[in-house]
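**Student:** Next comes structure10.txt, compact mmCIF, C-alpha atoms:
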```
# COMPACT_ATOMS: atom_id res chain seq x y z
CA MET M 563 61.65 88.24 106.33
CA ALA M 564 59.22 89.76 103.91
CA LYS M 565 60.34 90.60 100.39
CA GLY M 566 61.65 94.15 100.48
CA GLY M 567 64.14 93.58 103.26
CA VAL M 568 67.92 93.78 103.08
CA THR M 569 70.45 91.14 104.12
CA VAL M 570 73.66 92.65 105.51
CA PHE M 571 76.61 90.26 105.61
CA GLY M 572 79.04 91.14 108.38
CA GLY M 573 76.37 93.32 109.95
CA SER M 574 77.91 93.24 113.42
CA GLY M 575 81.18 94.84 112.32
CA PHE M 576 82.17 98.49 112.66
CA LEU M 577 80.68 99.50 109.31
CA GLY M 578 78.08 96.73 109.11
CA ARG M 579 76.23 97.72 112.26
CA GLN M 580 76.04 101.34 111.11
CA ILE M 581 74.45 100.19 107.86
CA VAL M 582 72.01 98.01 109.80
CA LYS M 583 71.03 100.94 112.05
CA ARG M 584 70.64 103.30 109.09
CA LEU M 585 68.40 100.92 107.13
CA ALA M 586 66.29 99.99 110.15
CA ALA M 587 65.77 103.69 110.94
CA ASP M 588 63.82 103.96 107.66
CA GLY M 589 61.64 101.02 108.61
CA THR M 590 63.46 98.56 106.35
CA PRO M 591 63.45 94.93 107.57
CA VAL M 592 67.10 93.90 107.98
CA ARG M 593 68.57 90.42 108.20
CA VAL M 594 72.04 90.47 109.78
CA ALA M 595 74.11 87.55 108.46
CA VAL M 596 77.09 86.74 110.67
CA ARG M 597 79.19 83.71 111.60
CA ARG M 598 78.40 84.02 115.32
CA PRO M 599 74.82 85.25 115.74
CA GLU M 600 75.01 85.05 119.54
CA GLN M 601 77.58 87.87 119.43
CA ALA M 602 75.31 90.06 117.28
CA SER M 603 72.00 89.61 119.10
CA PHE M 604 72.34 93.11 120.56
CA LEU M 605 71.43 94.48 117.13
CA GLU M 606 67.89 93.10 117.39
CA ALA M 607 67.13 95.64 120.12
CA LEU M 608 67.86 98.55 117.78
CA ALA M 609 64.47 98.33 116.07
CA PRO M 610 61.03 97.31 117.40
CA GLY M 611 58.78 94.57 116.15
CA GLY M 612 61.52 92.16 115.08
CA ARG M 613 62.53 94.37 112.19
CA ILE M 614 66.15 93.28 112.69
CA GLU M 615 66.79 89.54 112.47
CA VAL M 616 70.18 87.93 113.15
CA VAL M 617 71.02 84.68 111.34
CA ALA M 618 74.07 82.44 111.02
CA ALA M 619 75.96 82.66 107.74
CA ASP M 620 79.55 82.23 106.62
CA VAL M 621 80.49 83.68 103.23
CA TRP M 622 82.61 80.57 102.59
CA ASN M 623 79.57 78.30 103.09
CA GLU M 624 77.27 78.76 100.10
CA THR M 625 74.37 76.94 101.75
CA THR M 626 74.27 79.42 104.63
CA VAL M 627 74.66 82.34 102.22
CA ALA M 628 71.70 81.08 100.15
CA ARG M 629 69.52 80.86 103.26
CA ALA M 630 70.57 84.36 104.32
CA VAL M 631 69.49 86.02 101.05
CA GLU M 632 66.29 84.03 100.58
CA GLY M 633 63.35 86.43 100.29
CA SER M 634 65.50 89.57 100.37
CA ALA M 635 65.11 92.43 97.94
CA ALA M 636 68.72 93.55 98.39
CA ALA M 637 72.00 92.52 99.99
CA VAL M 638 75.04 94.36 101.29
CA ASN M 639 78.37 92.59 101.79
CA THR M 640 80.59 94.29 104.36
CA VAL M 641 82.67 91.22 105.28
CA GLY M 642 86.40 91.83 105.42
CA HIS M 643 89.50 91.60 107.58
CA TYR M 644 93.09 92.86 107.65
CA VAL M 645 94.73 89.79 109.18
CA GLU M 646 94.73 86.34 107.59
CA LYS M 647 93.75 83.48 109.85
CA ARG M 648 93.64 79.72 109.47
CA GLY M 649 90.82 78.95 107.04
CA ALA M 650 90.16 82.66 106.45
CA SER M 651 92.71 83.89 103.94
CA PHE M 652 92.25 87.16 102.07
CA ASP M 653 91.40 85.19 98.92
CA ALA M 654 88.83 83.12 100.79
CA VAL M 655 87.04 86.11 102.33
CA HIS M 656 87.51 89.02 99.92
CA GLY M 657 87.66 86.88 96.79
CA GLU M 658 85.74 83.61 96.87
CA GLY M 659 83.55 84.70 99.78
CA ALA M 660 82.47 87.80 97.88
CA ARG M 661 81.74 85.62 94.84
CA HIS M 662 79.54 83.31 96.91
CA VAL M 663 77.45 86.24 98.13
CA ALA M 664 77.06 87.62 94.60
CA GLU M 665 76.21 84.25 93.05
CA GLN M 666 73.66 83.29 95.68
CA ALA M 667 72.08 86.73 95.57
CA GLN M 668 71.73 86.38 91.80
CA LYS M 669 70.21 82.89 92.11
CA ALA M 670 67.75 84.08 94.75
CA GLY M 671 66.49 86.89 92.55
CA VAL M 672 67.82 89.62 94.83
CA GLY M 673 67.29 92.93 93.06
CA ARG M 674 70.28 94.93 94.32
CA LEU M 675 73.74 94.10 95.65
CA VAL M 676 76.13 96.52 97.33
CA HIS M 677 79.69 95.26 97.74
CA ILE M 678 82.04 97.05 100.14
CA SER M 679 85.61 97.09 98.87
CA GLY M 680 88.27 99.76 99.40
CA ILE M 681 90.11 102.53 97.60
CA GLY M 682 93.08 101.14 95.70
CA ALA M 683 91.65 97.63 95.22
CA ASP M 684 93.79 96.11 92.47
CA PRO M 685 94.01 92.46 91.30
CA ALA M 686 97.59 93.15 90.14
CA SER M 687 98.81 94.55 93.49
CA ALA M 688 101.84 93.12 95.29
CA SER M 689 99.80 93.17 98.49
CA PRO M 690 97.75 89.98 99.06
CA TYR M 691 95.08 92.07 100.81
CA VAL M 692 94.75 94.68 98.05
CA ARG M 693 94.99 91.98 95.37
CA ALA M 694 92.19 89.94 96.95
CA ARG M 695 90.02 93.06 97.19
CA GLY M 696 90.54 93.73 93.49
CA ALA M 697 89.91 90.12 92.52
CA GLY M 698 86.76 90.12 94.65
CA GLU M 699 85.38 93.11 92.79
CA ALA M 700 85.88 91.34 89.46
CA LEU M 701 84.23 88.16 90.74
CA VAL M 702 81.26 90.12 92.08
CA ARG M 703 80.81 91.95 88.78
CA LYS M 704 80.88 88.68 86.87
CA ALA M 705 78.34 86.99 89.15
CA PHE M 706 76.00 89.97 89.65
CA GLU M 707 76.13 92.39 86.74
CA GLY M 708 74.32 95.27 88.43
CA ALA M 709 76.31 95.19 91.67
CA THR M 710 77.29 98.59 93.07
CA ILE M 711 80.76 98.77 94.58
CA LEU M 712 81.63 101.17 97.38
CA ARG M 713 85.32 101.84 97.98
CA PRO M 714 85.77 103.77 101.24
CA SER M 715 89.05 105.24 102.40
CA VAL M 716 90.11 104.75 106.04
CA LEU M 717 86.99 104.67 108.23
CA PHE M 718 86.68 106.75 111.38
CA GLY M 719 83.99 107.18 114.01
CA PRO M 720 83.29 106.38 117.66
CA GLU M 721 84.76 102.97 118.58
CA ASP M 722 86.93 102.86 115.44
CA LYS M 723 90.27 101.07 115.41
CA PHE M 724 92.04 103.92 113.64
CA LEU M 725 91.82 107.20 115.56
CA ASN M 726 91.25 105.41 118.87
CA THR M 727 94.44 103.42 118.41
CA LEU M 728 96.42 106.54 117.53
CA ALA M 729 95.02 108.31 120.59
CA ARG M 730 95.84 105.42 122.91
CA VAL M 731 99.43 105.29 121.69
CA ALA M 732 99.70 109.11 121.86
CA ARG M 733 98.69 109.08 125.53
CA LEU M 734 101.12 106.35 126.56
CA ALA M 735 104.20 106.50 124.33
CA PRO M 736 106.95 109.11 124.75
CA ALA M 737 107.31 109.33 120.96
CA LEU M 738 105.29 108.31 117.92
CA ALA M 739 106.74 106.42 114.98
CA LEU M 740 105.96 107.58 111.46
CA PHE M 741 105.65 105.31 108.45
CA GLY M 742 108.61 106.58 106.48
CA ARG M 743 108.50 110.36 106.84
CA GLY M 744 104.76 110.35 107.47
CA GLU M 745 103.95 111.71 104.02
CA THR M 746 101.48 109.05 102.88
CA ARG M 747 98.17 110.77 102.10
CA LEU M 748 94.88 109.53 103.57
CA GLN M 749 91.31 110.76 103.13
CA PRO M 750 89.48 109.43 106.21
CA VAL M 751 85.74 109.01 105.79
CA PHE M 752 83.12 109.02 108.54
CA VAL M 753 81.55 105.59 109.00
CA GLY M 754 78.10 107.16 109.14
CA ASP M 755 78.63 108.72 105.72
CA VAL M 756 79.48 105.32 104.24
CA ALA M 757 76.36 103.81 105.84
CA GLU M 758 74.32 106.66 104.36
CA ALA M 759 75.92 106.00 100.97
CA ALA M 760 74.87 102.35 101.12
CA ALA M 761 71.29 103.34 101.96
CA ARG M 762 71.10 105.89 99.14
CA VAL M 763 72.57 103.47 96.61
CA LEU M 764 69.92 100.91 97.51
CA ALA M 765 67.20 103.54 97.10
CA ASP M 766 68.44 104.69 93.68
CA PRO M 767 68.24 102.16 90.81
CA GLY M 768 70.43 104.48 88.75
CA THR M 769 73.45 103.54 90.85
CA ALA M 770 73.35 99.89 89.74
CA GLY M 771 76.61 98.75 88.19
CA LYS M 772 78.54 101.83 89.32
CA THR M 773 81.57 102.23 91.58
CA PHE M 774 81.84 104.99 94.17
CA GLU M 775 85.05 106.01 95.97
CA LEU M 776 84.23 107.44 99.38
CA GLY M 777 86.50 109.88 101.16
CA GLY M 778 86.14 112.70 103.65
CA PRO M 779 86.34 116.41 102.82
CA ARG M 780 90.06 116.70 103.55
CA VAL M 781 93.22 114.84 102.56
CA PHE M 782 95.80 114.47 105.34
CA ALA M 783 99.41 113.38 105.37
CA TYR M 784 99.79 110.68 108.04
CA ARG M 785 101.96 113.08 110.04
CA GLU M 786 99.14 115.66 110.00
CA LEU M 787 96.66 113.14 111.39
CA LEU M 788 99.01 112.31 114.25
CA GLU M 789 99.43 116.00 115.01
CA LEU M 790 95.63 116.44 115.00
CA VAL M 791 95.17 113.56 117.44
CA LEU M 792 97.94 114.87 119.71
CA ARG M 793 96.23 118.25 119.93
CA GLU M 794 92.92 116.59 120.77
CA VAL M 795 94.35 114.49 123.60
CA GLY M 796 96.49 117.36 124.88
CA ARG M 797 99.88 115.71 124.46
CA LYS M 798 103.19 116.76 122.94
CA ARG M 799 105.19 113.92 121.46
CA LEU M 800 108.19 113.60 119.23
CA LEU M 801 107.32 112.27 115.77
CA VAL M 802 110.07 109.91 114.64
CA PRO M 803 110.52 108.93 110.97
CA VAL M 804 110.98 105.15 110.67
CA PRO M 805 112.07 103.57 107.37
CA PHE M 806 109.59 101.15 105.83
CA ALA M 807 112.24 98.42 105.95
CA VAL M 808 112.15 98.62 109.75
CA TRP M 809 108.36 98.39 109.76
CA GLU M 810 108.54 95.36 107.46
CA ALA M 811 111.02 93.65 109.78
CA ALA M 812 108.78 94.37 112.76
CA ALA M 813 105.75 92.96 110.93
CA ALA M 814 107.68 89.78 110.10
CA ALA M 815 108.68 89.34 113.74
CA LEU M 816 105.09 89.87 114.94
CA SER M 817 103.58 87.50 112.37
CA VAL M 818 103.95 84.55 114.77
CA LEU M 819 101.34 86.05 117.10
CA PRO M 820 97.70 84.89 116.88
CA ARG M 821 96.52 88.50 116.45
CA PRO M 822 99.52 90.55 115.32
CA PRO M 823 99.09 94.32 115.84
CA LEU M 824 101.09 94.92 112.67
CA THR M 825 101.22 92.90 109.44
CA ALA M 826 103.17 93.11 106.21
CA ASP M 827 100.00 94.12 104.40
CA MET M 828 99.39 97.00 106.78
CA VAL M 829 102.89 98.27 106.06
CA THR M 830 102.34 97.89 102.32
CA LEU M 831 99.09 99.86 102.56
CA MET M 832 100.91 102.72 104.27
CA LYS M 833 103.33 103.02 101.35
CA ARG M 834 100.55 104.14 99.03
CA ASP M 835 98.21 107.15 99.13
CA ASN M 836 94.62 106.23 99.99
CA VAL M 837 92.58 109.03 98.41
CA VAL M 838 89.64 109.32 96.04
CA GLY M 839 90.78 109.12 92.43
CA ALA M 840 90.38 112.02 90.01
CA GLY M 841 87.04 111.81 88.25
CA ALA M 842 85.68 109.03 90.49
CA LEU M 843 82.08 109.08 91.65
CA GLY M 844 81.92 109.95 95.34
CA LEU M 845 79.76 110.97 98.28
CA GLU M 846 78.78 114.24 96.65
CA ASP M 847 77.30 112.32 93.70
CA LEU M 848 74.97 110.66 96.19
CA GLY M 849 73.98 114.00 97.69
CA ILE M 850 76.07 113.51 100.83
CA SER M 851 78.20 116.30 102.33
CA PRO M 852 81.03 114.42 104.04
CA ILE M 853 81.66 114.99 107.73
CA ALA M 854 85.16 116.16 108.67
CA VAL M 855 87.47 114.32 111.04
CA GLU M 856 87.62 117.40 113.27
CA GLU M 857 83.86 117.26 113.87
CA VAL M 858 83.89 113.70 115.18
CA LEU M 859 87.37 113.43 116.69
CA PRO M 860 86.34 114.38 120.27
CA THR M 861 83.87 111.47 120.38
CA CYS M 862 86.47 109.11 118.91
CA VAL M 863 89.35 109.77 121.30
CA GLY M 864 87.69 111.36 124.30
CA GLY M 865 88.50 110.12 127.77
```
Would you write out, as structure tokens, the structure that this file holds?
**Tutor:**
Amino acid sequence: MAKGGVTVFGGSGFLGRQIVKRLAADGTPVRVAVRRPEQASFLEALAPGGRIEVVAADVWNETTVARAVEGSAAAVNTVGHYVEKRGASFDAVHGEGARHVAEQAQKAGVGRLVHISGIGADPASASPYVRARGAGEALVRKAFEGATILRPSVLFGPEDKFLNTLARVARLAPALALFGRGETRLQPVFVGDVAEAAARVLADPGTAGKTFELGGPRVFAYRELLELVLREVGRKRLLVPVPFAVWEAAAAALSVLPRPPLTADMVTLMKRDNVVGAGALGLEDLGISPIAVEEVLPTCVGG
């Protein structure tokens, strides 16, 4: 790949592929760095002339990371997960893996690095997931001084795992369980807006070293989001408050499954508001007018 291109780690994921599409649309050469390139080859068809290249890379393997950033002008790290797996703990992926990307990008002379984290990232958190996110930010800053950090709230968009899951449950279940009383506040952000933010950050040298918290135009209580989804799918369901202790017990029981639908960290995340902090830089500072959930919801839960 010619100098001037961008390497996107985790480029086949929900957010990653939107960033790849957005960058390629501007004519930018994009290298998609993923653990299983055969599962991401579909991305190469999104742009003509081989402008999108898929390569094998694992953020835990520094040799593969170094190869992935070689010759790139910029890198974006979108790698992340909500469930720990054997050999892929939160610390390994969000912490040390993020450090490997930052260090190898620095060594390769990459000019810009965008690191995707999340609102609320905190190295002192009781949640292993949130703690690893916070530690990863610190490691990235230390390894690559001018890194820009993007902290999105809950992502939504077609094929998401958030609104689509709520809609599927709303269609099938006779009642919907609330986390506590459903009062936790969320500020869902459109995945396309986050991809646009990444592209604008890369195009603006003045964003180097800054942190942006990305949220949509409206803050919802969790209960309000469920009510919105129910209206969209044309269902009436009873909303049942469920104490967090019950959710924690359920998460513990499900933890033996290879892919548990609920984890202790997910429950912990739902105890805390996930909204843009007062005074934080956001989408508007990048010249982006955030798209509302209501505008995209029909394409997320239709059918």
**Student:** Could you give me, as CSV, a per-residue list for segment 666-719 of chain M showing, wherever an atom lies at most 10 Å from an atom of segment 773-782 of chain M, the closest pair of atoms and their distance in Å to one decimal, using only C-alpha atoms and sorting by chain then residue number from low to high?
**Tutor:**
```
residue,atom,partner,partner_atom,distance
M:Val676,CA,M:Thr773,CA,9.8
M:His677,CA,M:Thr773,CA,9.5
M:Ile678,CA,M:Phe774,CA,9.9
M:Ser679,CA,M:Glu775,CA,9.4
M:Gly680,CA,M:Glu775,CA,7.8
M:Ile681,CA,M:Glu775,CA,6.4
M:Gly682,CA,M:Glu775,CA,9.4
M:Glu699,CA,M:Thr773,CA,10.0
M:Ala709,CA,M:Thr773,CA,8.8
M:Thr710,CA,M:Thr773,CA,5.8
M:Ile711,CA,M:Thr773,CA,4.7
M:Leu712,CA,M:Phe774,CA,5.0
M:Arg713,CA,M:Glu775,CA,4.6
M:Pro714,CA,M:Leu776,CA,4.4
M:Ser715,CA,M:Gly777,CA,5.4
M:Val716,CA,M:Gly777,CA,7.9
M:Leu717,CA,M:Gly777,CA,8.8
M:Phe718,CA,M:Gly778,CA,9.8
```
**Student:** Just the selected residues (C-alpha atoms), exported as an mmCIF file, in the coordinates of the input, please.
**Tutor:**
```cif
data_model
loop_
_atom_site.group_PDB
_atom_site.id
_atom_site.type_symbol
_atom_site.label_atom_id
_atom_site.label_comp_id
_atom_site.auth_asym_id
_atom_site.auth_seq_id
_atom_site.Cartn_x
_atom_site.Cartn_y
_atom_site.Cartn_z
ATOM 1 C CA VAL M 676 76.130 96.520 97.330
ATOM 2 C CA HIS M 677 79.690 95.260 97.740
ATOM 3 C CA ILE M 678 82.040 97.050 100.140
ATOM 4 C CA SER M 679 85.610 97.090 98.870
ATOM 5 C CA GLY M 680 88.270 99.760 99.400
ATOM 6 C CA ILE M 681 90.110 102.530 97.600
ATOM 7 C CA GLY M 682 93.080 101.140 95.700
ATOM 8 C CA GLU M 699 85.380 93.110 92.790
ATOM 9 C CA ALA M 709 76.310 95.190 91.670
ATOM 10 C CA THR M 710 77.290 98.590 93.070
ATOM 11 C CA ILE M 711 80.760 98.770 94.580
ATOM 12 C CA LEU M 712 81.630 101.170 97.380
ATOM 13 C CA ARG M 713 85.320 101.840 97.980
ATOM 14 C CA PRO M 714 85.770 103.770 101.240
ATOM 15 C CA SER M 715 89.050 105.240 102.400
ATOM 16 C CA VAL M 716 90.110 104.750 106.040
ATOM 17 C CA LEU M 717 86.990 104.670 108.230
ATOM 18 C CA PHE M 718 86.680 106.750 111.380
#
```
**Student:** Take the point (90.7, 110.8, 109.9) in the file's coordinates, draw a sphere of radius 12 Å around it, and report as a PyMOL selection string every protein, DNA or RNA residue with an atom inside or on it, counting only C-alpha atoms.
**Tutor:** chain M and resi 715-720+722-729+747-753+777-791+836-837+852-860+862-863
**Student:** Looking at M:Glu665, M:Asp684, M:Glu615, M:Glu758, which one is nearest to Leu577 of chain M, with distances taken over only C-alpha atoms?
**Tutor:**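 Nearest candidate to Leu577 of chain M out of M:Glu665, M:Asp684, M:Glu615, M:Glu758: M:Glu758.
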**Student:** Residues near Asp827 of chain M, anyone? I mean within 12 Å using all atoms listed in the file, not counting same-chain ones fewer than 6 positions away, as a PyMOL selection string.
**Tutor:** chain M and resi 643-646+652+687-694+806+809-810+813-814+817+833-834
**Student:** Taking into account only C-alpha atoms, which residue in the set M:Glu606, M:Thr861, M:Ile581, M:Arg661 is nearest to Glu721 of chain M?
**Tutor:**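 Checking each of M:Glu606, M:Thr861, M:Ile581, M:Arg661 against Glu721 of chain M, counting only C-alpha atoms, the winner is M:Thr861.
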**Student:** List the neighbours of Ala737 of chain M out to 10 Å using all atoms listed in the file; skip same-chain residues closer than 5 positions along the sequence, and give me the result as a ChimeraX atom specification.
**Tutor:** /M:731-732,798-802
**Student:** Figure out the distance between atom CA of Pro803 of chain M and atom CA of Ala739 of chain M, please, to one decimal in Å.
**Tutor:**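 Spanning atom CA of Ala739 of chain M to atom CA of Pro803 of chain M is a straight-line distance of 6.1 Å.
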**Student:** Determine the nearest neighbour of Asp835 of chain M from the options M:Arg579, M:Gly744, M:Ala628, M:Gly659, counting all atoms listed in the file.
**Tutor:** M:Gly744
**Student:** I'd like the interatomic distance between atom CA of His656 of chain M and atom CA of Gly642 of chain M, to a tenth of an Å.
**Tutor:**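 So the answer is 6.3 Å.
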**Student:** Please check which residues have atoms at most 6 Å from (72.1, 93.6, 91.1) in the file's coordinates, counting all atoms listed in the file, and write them as an mmCIF file with C-alpha atoms, in the coordinates of the input.
**Tutor:**
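This is the output file selection.cif:
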```
data_model
loop_
_atom_site.group_PDB
_atom_site.id
_atom_site.type_symbol
_atom_site.label_atom_id
_atom_site.label_comp_id
_atom_site.auth_asym_id
_atom_site.auth_seq_id
_atom_site.Cartn_x
_atom_site.Cartn_y
_atom_site.Cartn_z
ATOM 1 C CA GLY M 673 67.290 92.930 93.060
ATOM 2 C CA ARG M 674 70.280 94.930 94.320
ATOM 3 C CA LEU M 675 73.740 94.100 95.650
ATOM 4 C CA PHE M 706 76.000 89.970 89.650
ATOM 5 C CA GLY M 708 74.320 95.270 88.430
ATOM 6 C CA ALA M 709 76.310 95.190 91.670
#
```
**Student:** Work out how far atom CA of Val829 of chain M is from atom CA of Ala700 of chain M, in Å to one decimal.
**Tutor:** 24.8 Å
**Student:** Show me, as a list in words, the residues that have an atom within 10 Å of Thr625 of chain M when counting only C-alpha atoms, minus same-chain residues fewer than 6 positions from it.
**Tutor:**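 The contact residues come out as Ala619, His662 and Gln666 of chain M.
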**Student:** Using only C-alpha atoms, which of M:Leu585, M:Val568, M:Val594, M:Ala636 sits nearest Gln668 of chain M?
**Tutor:**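 Of the candidates, the smallest distance to Gln668 of chain M is held by M:Ala636.
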**Student:** Go through M:Ile850, M:Ala602, M:Val804, M:Leu608 one by one, measure the shortest atom-to-atom distance of each to Phe741 of chain M using only C-alpha atoms, and give the residue with the smallest value.
**Tutor:** M:Val804
**Student:** Pick the closest to Val617 of chain M from M:Gly573, M:Gly844, M:Gly657, M:Gly754: which is it, counting only C-alpha atoms?
**Tutor:**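 Using only C-alpha atoms, the shortest distance to Val617 of chain M belongs to M:Gly573.
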**Student:** Please identify all polymer residues within 8 Å of Val672 of chain M, counting only C-alpha atoms, omitting same-chain residues fewer than 3 positions from it, and present them as a list in words.
**Tutor:**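 Contacts, in chain order: Val631, Gly633, Ser634, Ala635, Ala636, Ala637, Ala667, Gln668, Lys669 and Leu675 of chain M.
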**Student:** Restore N, CA and C atoms in segment 698-725 of chain M and list the result as a PDB file, in the coordinates of the input.
**Tutor:**
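Result written to selection.pdb:
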```pdb
ATOM      1  N   GLY M 698      88.133  90.257  94.173  1.00  0.00           N
ATOM      2  CA  GLY M 698      86.760  90.120  94.650  1.00  0.00           C
ATOM      3  C   GLY M 698      85.801  91.007  93.879  1.00  0.00           C
ATOM      4  N   GLU M 699      86.226  92.230  93.579  1.00  0.00           N
ATOM      5  CA  GLU M 699      85.380  93.110  92.790  1.00  0.00           C
ATOM      6  C   GLU M 699      85.057  92.496  91.429  1.00  0.00           C
ATOM      7  N   ALA M 700      86.086  91.946  90.783  1.00  0.00           N
ATOM      8  CA  ALA M 700      85.880  91.340  89.460  1.00  0.00           C
ATOM      9  C   ALA M 700      84.934  90.145  89.540  1.00  0.00           C
ATOM     10  N   LEU M 701      85.088  89.329  90.576  1.00  0.00           N
ATOM     11  CA  LEU M 701      84.230  88.160  90.740  1.00  0.00           C
ATOM     12  C   LEU M 701      82.780  88.574  91.004  1.00  0.00           C
ATOM     13  N   VAL M 702      82.606  89.631  91.786  1.00  0.00           N
ATOM     14  CA  VAL M 702      81.260  90.120  92.080  1.00  0.00           C
ATOM     15  C   VAL M 702      80.602  90.650  90.812  1.00  0.00           C
ATOM     16  N   ARG M 703      81.343  91.415  90.035  1.00  0.00           N
ATOM     17  CA  ARG M 703      80.810  91.950  88.780  1.00  0.00           C
ATOM     18  C   ARG M 703      80.385  90.831  87.824  1.00  0.00           C
ATOM     19  N   LYS M 704      81.183  89.777  87.774  1.00  0.00           N
ATOM     20  CA  LYS M 704      80.880  88.680  86.870  1.00  0.00           C
ATOM     21  C   LYS M 704      79.626  87.921  87.305  1.00  0.00           C
ATOM     22  N   ALA M 705      79.458  87.772  88.626  1.00  0.00           N
ATOM     23  CA  ALA M 705      78.340  86.990  89.150  1.00  0.00           C
ATOM     24  C   ALA M 705      77.049  87.800  89.247  1.00  0.00           C
ATOM     25  N   PHE M 706      77.178  89.125  89.438  1.00  0.00           N
ATOM     26  CA  PHE M 706      76.000  89.970  89.650  1.00  0.00           C
ATOM     27  C   PHE M 706      76.248  91.269  88.893  1.00  0.00           C
ATOM     28  N   GLU M 707      75.767  91.308  87.661  1.00  0.00           N
ATOM     29  CA  GLU M 707      76.130  92.390  86.740  1.00  0.00           C
ATOM     30  C   GLU M 707      75.815  93.780  87.263  1.00  0.00           C
ATOM     31  N   GLY M 708      74.714  93.942  87.971  1.00  0.00           N
ATOM     32  CA  GLY M 708      74.320  95.270  88.430  1.00  0.00           C
ATOM     33  C   GLY M 708      74.823  95.635  89.817  1.00  0.00           C
ATOM     34  N   ALA M 709      75.802  94.896  90.333  1.00  0.00           N
ATOM     35  CA  ALA M 709      76.310  95.190  91.670  1.00  0.00           C
ATOM     36  C   ALA M 709      76.904  96.601  91.726  1.00  0.00           C
ATOM     37  N   THR M 710      76.673  97.283  92.821  1.00  0.00           N
ATOM     38  CA  THR M 710      77.290  98.590  93.070  1.00  0.00           C
ATOM     39  C   THR M 710      78.429  98.376  94.055  1.00  0.00           C
ATOM     40  N   ILE M 711      79.585  98.933  93.732  1.00  0.00           N
ATOM     41  CA  ILE M 711      80.760  98.770  94.580  1.00  0.00           C
ATOM     42  C   ILE M 711      81.071 100.086  95.276  1.00  0.00           C
ATOM     43  N   LEU M 712      81.222 100.024  96.586  1.00  0.00           N
ATOM     44  CA  LEU M 712      81.630 101.170  97.380  1.00  0.00           C
ATOM     45  C   LEU M 712      83.055 100.949  97.860  1.00  0.00           C
ATOM     46  N   ARG M 713      83.913 101.929  97.575  1.00  0.00           N
ATOM     47  CA  ARG M 713      85.320 101.840  97.980  1.00  0.00           C
ATOM     48  C   ARG M 713      85.630 102.959  98.982  1.00  0.00           C
ATOM     49  N   PRO M 714      85.437 102.728 100.270  1.00  0.00           N
ATOM     50  CA  PRO M 714      85.770 103.770 101.240  1.00  0.00           C
ATOM     51  C   PRO M 714      87.270 103.862 101.488  1.00  0.00           C
ATOM     52  N   SER M 715      87.700 105.059 101.899  1.00  0.00           N
ATOM     53  CA  SER M 715      89.050 105.240 102.400  1.00  0.00           C
ATOM     54  C   SER M 715      89.064 104.747 103.851  1.00  0.00           C
ATOM     55  N   VAL M 716      90.014 105.168 104.644  1.00  0.00           N
ATOM     56  CA  VAL M 716      90.110 104.750 106.040  1.00  0.00           C
ATOM     57  C   VAL M 716      88.871 105.237 106.790  1.00  0.00           C
ATOM     58  N   LEU M 717      88.207 104.327 107.494  1.00  0.00           N
ATOM     59  CA  LEU M 717      86.990 104.670 108.230  1.00  0.00           C
ATOM     60  C   LEU M 717      87.318 105.239 109.603  1.00  0.00           C
ATOM     61  N   PHE M 718      86.540 106.253 110.012  1.00  0.00           N
ATOM     62  CA  PHE M 718      86.680 106.750 111.380  1.00  0.00           C
ATOM     63  C   PHE M 718      85.292 106.949 111.970  1.00  0.00           C
ATOM     64  N   GLY M 719      85.243 106.995 113.291  1.00  0.00           N
ATOM     65  CA  GLY M 719      83.990 107.180 114.010  1.00  0.00           C
ATOM     66  C   GLY M 719      84.168 106.661 115.420  1.00  0.00           C
ATOM     67  N   PRO M 720      83.202 106.924 116.312  1.00  0.00           N
ATOM     68  CA  PRO M 720      83.290 106.380 117.660  1.00  0.00           C
ATOM     69  C   PRO M 720      83.520 104.868 117.632  1.00  0.00           C
ATOM     70  N   GLU M 721      84.421 104.391 118.460  1.00  0.00           N
ATOM     71  CA  GLU M 721      84.760 102.970 118.580  1.00  0.00           C
ATOM     72  C   GLU M 721      85.570 102.447 117.383  1.00  0.00           C
ATOM     73  N   ASP M 722      86.121 103.356 116.565  1.00  0.00           N
ATOM     74  CA  ASP M 722      86.930 102.860 115.440  1.00  0.00           C
ATOM     75  C   ASP M 722      88.256 102.308 115.947  1.00  0.00           C
ATOM     76  N   LYS M 723      88.960 101.623 115.063  1.00  0.00           N
ATOM     77  CA  LYS M 723      90.270 101.070 115.410  1.00  0.00           C
ATOM     78  C   LYS M 723      91.402 101.915 114.835  1.00  0.00           C
ATOM     79  N   PHE M 724      91.046 103.058 114.275  1.00  0.00           N
ATOM     80  CA  PHE M 724      92.040 103.920 113.640  1.00  0.00           C
ATOM     81  C   PHE M 724      92.410 105.083 114.562  1.00  0.00           C
ATOM     82  N   LEU M 725      91.516 106.049 114.719  1.00  0.00           N
ATOM     83  CA  LEU M 725      91.820 107.200 115.560  1.00  0.00           C
ATOM     84  C   LEU M 725      91.954 106.810 117.024  1.00  0.00           C
TER      85      LEU M 725
END
```
